[in-house]
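Here the structure comes first, spelled out in structure tokens, and everything after it is commentary.
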Amino acid sequence: MFRAESTYSLSPEITEEEAKRVWVNAPEATYVCEDGNNKIIGTYYLKPNQPALGAHVCNCGYIVDENARGQGVTSAVYKHSQKKAVRLGFIAMQYNLVVSTNESVIRLWKRHDFKVTGVLPKAFNHKYQGFVDALLMYKQLQA
């Protein structure tokens, strides 16, 4: 079970059943990253960002165990997701709600060539800071 209280739009009180529906059943694919002891330290899902005529752009959601942060896990699962997205025929990735206070992940996505294509004023209700902006980020994968 995961809890992402300050940078993820899922409810901090999400049930295990709802988490499984959102993270495993609804996406096109879900992957995990394990450490040397077979402990899950990261996960992501991959799905079309929109149905039908927008289905060529994918969306991913990532969660990394707080004890594994700063060890390159997010970057590793991102690289894996990009390879999978290209293999599945997606031409771009779009992140719909990157919380503006999550500066380390914004820097990471920019290092991986994502561009901020929009700012959503006060679109995220941060547990500690109240309403904060969210970013829309986009990266072309193939022409």
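By order in the structure tokens, chains are A, B, ...; within a chain, residues start at 1; ligands start at 1, following the order shown.
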
At most 12 Å is the cut-off: for each residue in range 69-113 of chain A with any atom that close to an atom of range 117-125 of chain A, write down the nearest atom pair and the distance in Å rounded to one decimal, counting only C-alpha atoms, chain first then increasing number, as a Markdown table.
| residue | atom | partner | partner_atom | distance |
| --- | --- | --- | --- | --- |
| A:Gln94 | CA | A:Thr117 | CA | 9.6 |
| A:Tyr95 | CA | A:Thr117 | CA | 10.0 |
| A:Asn96 | CA | A:Gly118 | CA | 9.4 |
| A:Leu97 | CA | A:Phe124 | CA | 7.9 |
| A:Val98 | CA | A:Phe124 | CA | 9.0 |
| A:Val99 | CA | A:Phe124 | CA | 6.8 |
| A:Ser100 | CA | A:Phe124 | CA | 8.8 |
| A:Thr101 | CA | A:Phe124 | CA | 10.0 |
| A:Asn102 | CA | A:Phe124 | CA | 11.5 |
| A:Lys110 | CA | A:Thr117 | CA | 11.7 |

List every residue of chain A that DSSP, applied to the backbone of this structure, places in strand (DSSP E or B), and write the result as an MDAnalysis selection string. chainID A and resid 29:34 40:48 57:64 92:99 115:126 130:140

Those selected residues, please, written with N, CA and C atoms and delivered as a short mmCIF file (atom, residue, chain, number, x, y, z; two decimals), in the first residue's frame.
data_model
loop_
_atom_site.label_atom_id
_atom_site.label_comp_id
_atom_site.auth_asym_id
_atom_site.auth_seq_id
_atom_site.Cartn_x
_atom_site.Cartn_y
_atom_site.Cartn_z
N ALA A 29 -0.46 -0.93 -18.60
CA ALA A 29 0.58 -1.77 -18.01
C ALA A 29 1.05 -1.14 -16.70
N THR A 30 1.48 -1.99 -15.78
CA THR A 30 2.04 -1.55 -14.50
C THR A 30 3.33 -2.34 -14.27
N TYR A 31 4.36 -1.64 -13.81
CA TYR A 31 5.66 -2.27 -13.59
C TYR A 31 6.15 -1.93 -12.19
N VAL A 32 7.03 -2.80 -11.67
CA VAL A 32 7.65 -2.54 -10.38
C VAL A 32 9.17 -2.63 -10.52
N CYS A 33 9.85 -1.96 -9.60
CA CYS A 33 11.31 -2.00 -9.51
C CYS A 33 11.64 -2.57 -8.14
N GLU A 34 12.48 -3.59 -8.12
CA GLU A 34 12.84 -4.23 -6.86
C GLU A 34 14.31 -3.99 -6.55
N ILE A 40 9.91 -4.23 -3.28
CA ILE A 40 9.49 -3.23 -4.26
C ILE A 40 9.89 -1.85 -3.75
N ILE A 41 10.68 -1.13 -4.57
CA ILE A 41 11.12 0.21 -4.18
C ILE A 41 10.59 1.28 -5.14
N GLY A 42 9.94 0.84 -6.19
CA GLY A 42 9.36 1.79 -7.14
C GLY A 42 8.34 1.10 -8.01
N THR A 43 7.42 1.89 -8.55
CA THR A 43 6.41 1.37 -9.45
C THR A 43 5.95 2.48 -10.38
N TYR A 44 5.45 2.07 -11.52
CA TYR A 44 4.82 3.05 -12.41
C TYR A 44 3.75 2.37 -13.24
N TYR A 45 2.81 3.17 -13.69
CA TYR A 45 1.84 2.67 -14.66
C TYR A 45 2.01 3.44 -15.95
N LEU A 46 1.53 2.84 -17.02
CA LEU A 46 1.61 3.42 -18.36
C LEU A 46 0.25 3.23 -19.01
N LYS A 47 -0.30 4.30 -19.55
CA LYS A 47 -1.62 4.22 -20.19
C LYS A 47 -1.76 5.35 -21.20
N PRO A 48 -2.71 5.22 -22.12
CA PRO A 48 -2.99 6.36 -22.99
C PRO A 48 -3.47 7.54 -22.15
N VAL A 57 -0.62 9.51 -27.25
CA VAL A 57 0.18 10.16 -26.20
C VAL A 57 -0.08 9.38 -24.91
N CYS A 58 0.99 8.99 -24.23
CA CYS A 58 0.80 8.22 -23.00
C CYS A 58 0.94 9.11 -21.77
N ASN A 59 0.49 8.54 -20.68
CA ASN A 59 0.60 9.15 -19.37
C ASN A 59 1.18 8.09 -18.45
N CYS A 60 2.03 8.50 -17.55
CA CYS A 60 2.60 7.58 -16.57
C CYS A 60 2.44 8.19 -15.19
N GLY A 61 2.36 7.34 -14.20
CA GLY A 61 2.40 7.76 -12.80
C GLY A 61 3.49 6.96 -12.13
N TYR A 62 4.27 7.61 -11.30
CA TYR A 62 5.42 6.97 -10.67
C TYR A 62 5.33 7.13 -9.15
N ILE A 63 5.72 6.08 -8.45
CA ILE A 63 5.86 6.16 -6.99
C ILE A 63 7.16 5.45 -6.62
N VAL A 64 7.96 6.11 -5.80
CA VAL A 64 9.22 5.53 -5.33
C VAL A 64 9.19 5.52 -3.81
N ALA A 92 4.45 10.33 -27.67
CA ALA A 92 4.78 11.36 -26.69
C ALA A 92 4.32 10.92 -25.31
N MET A 93 4.86 11.60 -24.28
CA MET A 93 4.42 11.42 -22.90
C MET A 93 3.92 12.75 -22.39
N GLN A 94 2.86 12.69 -21.61
CA GLN A 94 2.31 13.90 -21.01
C GLN A 94 2.02 13.63 -19.54
N TYR A 95 2.50 14.53 -18.69
CA TYR A 95 2.20 14.47 -17.27
C TYR A 95 1.22 15.60 -16.98
N ASN A 96 0.06 15.24 -16.48
CA ASN A 96 -1.05 16.17 -16.36
C ASN A 96 -1.06 17.02 -15.10
N LEU A 97 -0.41 16.57 -14.05
CA LEU A 97 -0.52 17.28 -12.78
C LEU A 97 0.78 17.14 -11.98
N VAL A 98 1.82 17.84 -12.41
CA VAL A 98 3.10 17.82 -11.69
C VAL A 98 3.04 18.97 -10.68
N VAL A 99 3.03 18.62 -9.42
CA VAL A 99 2.86 19.62 -8.37
C VAL A 99 4.06 20.56 -8.34
N LYS A 115 9.15 19.41 -21.32
CA LYS A 115 8.90 20.86 -21.35
C LYS A 115 7.64 21.15 -20.56
N VAL A 116 7.65 22.26 -19.84
CA VAL A 116 6.42 22.74 -19.19
C VAL A 116 5.59 23.38 -20.29
N THR A 117 4.41 22.83 -20.53
CA THR A 117 3.54 23.36 -21.59
C THR A 117 2.35 24.12 -21.03
N GLY A 118 2.22 24.11 -19.71
CA GLY A 118 1.12 24.86 -19.11
C GLY A 118 1.25 24.88 -17.60
N VAL A 119 0.66 25.90 -17.01
CA VAL A 119 0.58 26.02 -15.55
C VAL A 119 -0.90 26.06 -15.19
N LEU A 120 -1.28 25.20 -14.26
CA LEU A 120 -2.66 25.14 -13.79
C LEU A 120 -2.72 25.81 -12.42
N PRO A 121 -3.19 27.06 -12.36
CA PRO A 121 -3.16 27.80 -11.11
C PRO A 121 -3.99 27.12 -10.01
N LYS A 122 -3.33 26.92 -8.88
CA LYS A 122 -3.98 26.37 -7.68
C LYS A 122 -4.75 25.08 -7.96
N ALA A 123 -4.21 24.23 -8.82
CA ALA A 123 -4.90 23.00 -9.22
C ALA A 123 -4.69 21.83 -8.27
N PHE A 124 -3.77 21.99 -7.31
CA PHE A 124 -3.48 20.90 -6.39
C PHE A 124 -3.65 21.38 -4.96
N ASN A 125 -4.33 20.60 -4.16
CA ASN A 125 -4.56 20.94 -2.75
C ASN A 125 -3.49 20.24 -1.91
N HIS A 126 -2.39 20.94 -1.69
CA HIS A 126 -1.23 20.41 -0.97
C HIS A 126 -1.57 20.28 0.52
N GLY A 130 -1.59 24.19 1.17
CA GLY A 130 -2.87 24.62 0.59
C GLY A 130 -2.84 24.52 -0.92
N PHE A 131 -3.62 25.36 -1.58
CA PHE A 131 -3.71 25.30 -3.04
C PHE A 131 -2.43 25.83 -3.68
N VAL A 132 -1.81 24.97 -4.49
CA VAL A 132 -0.58 25.33 -5.20
C VAL A 132 -0.77 25.03 -6.68
N ASP A 133 0.08 25.62 -7.51
CA ASP A 133 0.02 25.40 -8.94
C ASP A 133 0.45 23.97 -9.29
N ALA A 134 0.00 23.52 -10.44
CA ALA A 134 0.46 22.26 -11.01
C ALA A 134 0.91 22.53 -12.44
N LEU A 135 1.85 21.74 -12.88
CA LEU A 135 2.39 21.92 -14.22
C LEU A 135 1.91 20.80 -15.14
N LEU A 136 1.73 21.14 -16.38
CA LEU A 136 1.49 20.18 -17.45
C LEU A 136 2.84 20.05 -18.16
N MET A 137 3.36 18.82 -18.23
CA MET A 137 4.67 18.60 -18.84
C MET A 137 4.55 17.59 -19.97
N TYR A 138 5.35 17.81 -21.04
CA TYR A 138 5.19 17.06 -22.28
C TYR A 138 6.55 16.76 -22.89
N LYS A 139 6.66 15.56 -23.48
CA LYS A 139 7.88 15.19 -24.18
C LYS A 139 7.52 14.39 -25.43
N GLN A 140 8.06 14.79 -26.55
CA GLN A 140 7.91 14.05 -27.80
C GLN A 140 8.85 12.85 -27.75
#

With distances taken over only C-alpha atoms, the candidate from A:Val105, A:Val22, A:Pro12, A:Pro27 nearest Gln50 in chain A is A:Pro27

Exercise. Skipping near chain neighbours, those fewer than 4 positions away, what residues fall within 8 Å of Val86 in chain A using only C-alpha atoms, listed as a list in words?
Worked result: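 In the requested format, the answer is Gln82, Phe90, Ile91, Leu141 and Gln142 of chain A.
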
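For the atom pair formed by CA of Lys84 in chain A and CA of Lys39 in chain A, the distance is 22.1 Å, given to one decimal.
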
* **Minimum-distance residue to Gln71 in chain A, chosen among A:Ile14, A:Ala19, A:Asp35, A:Lys83 (using only C-alpha atoms)** =>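 With only C-alpha atoms as the atom set, the closest residue is A:Asp35.
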
note - CA of His112 in chain A and CA of Gly72 in chain A are separated by 13.0 Å
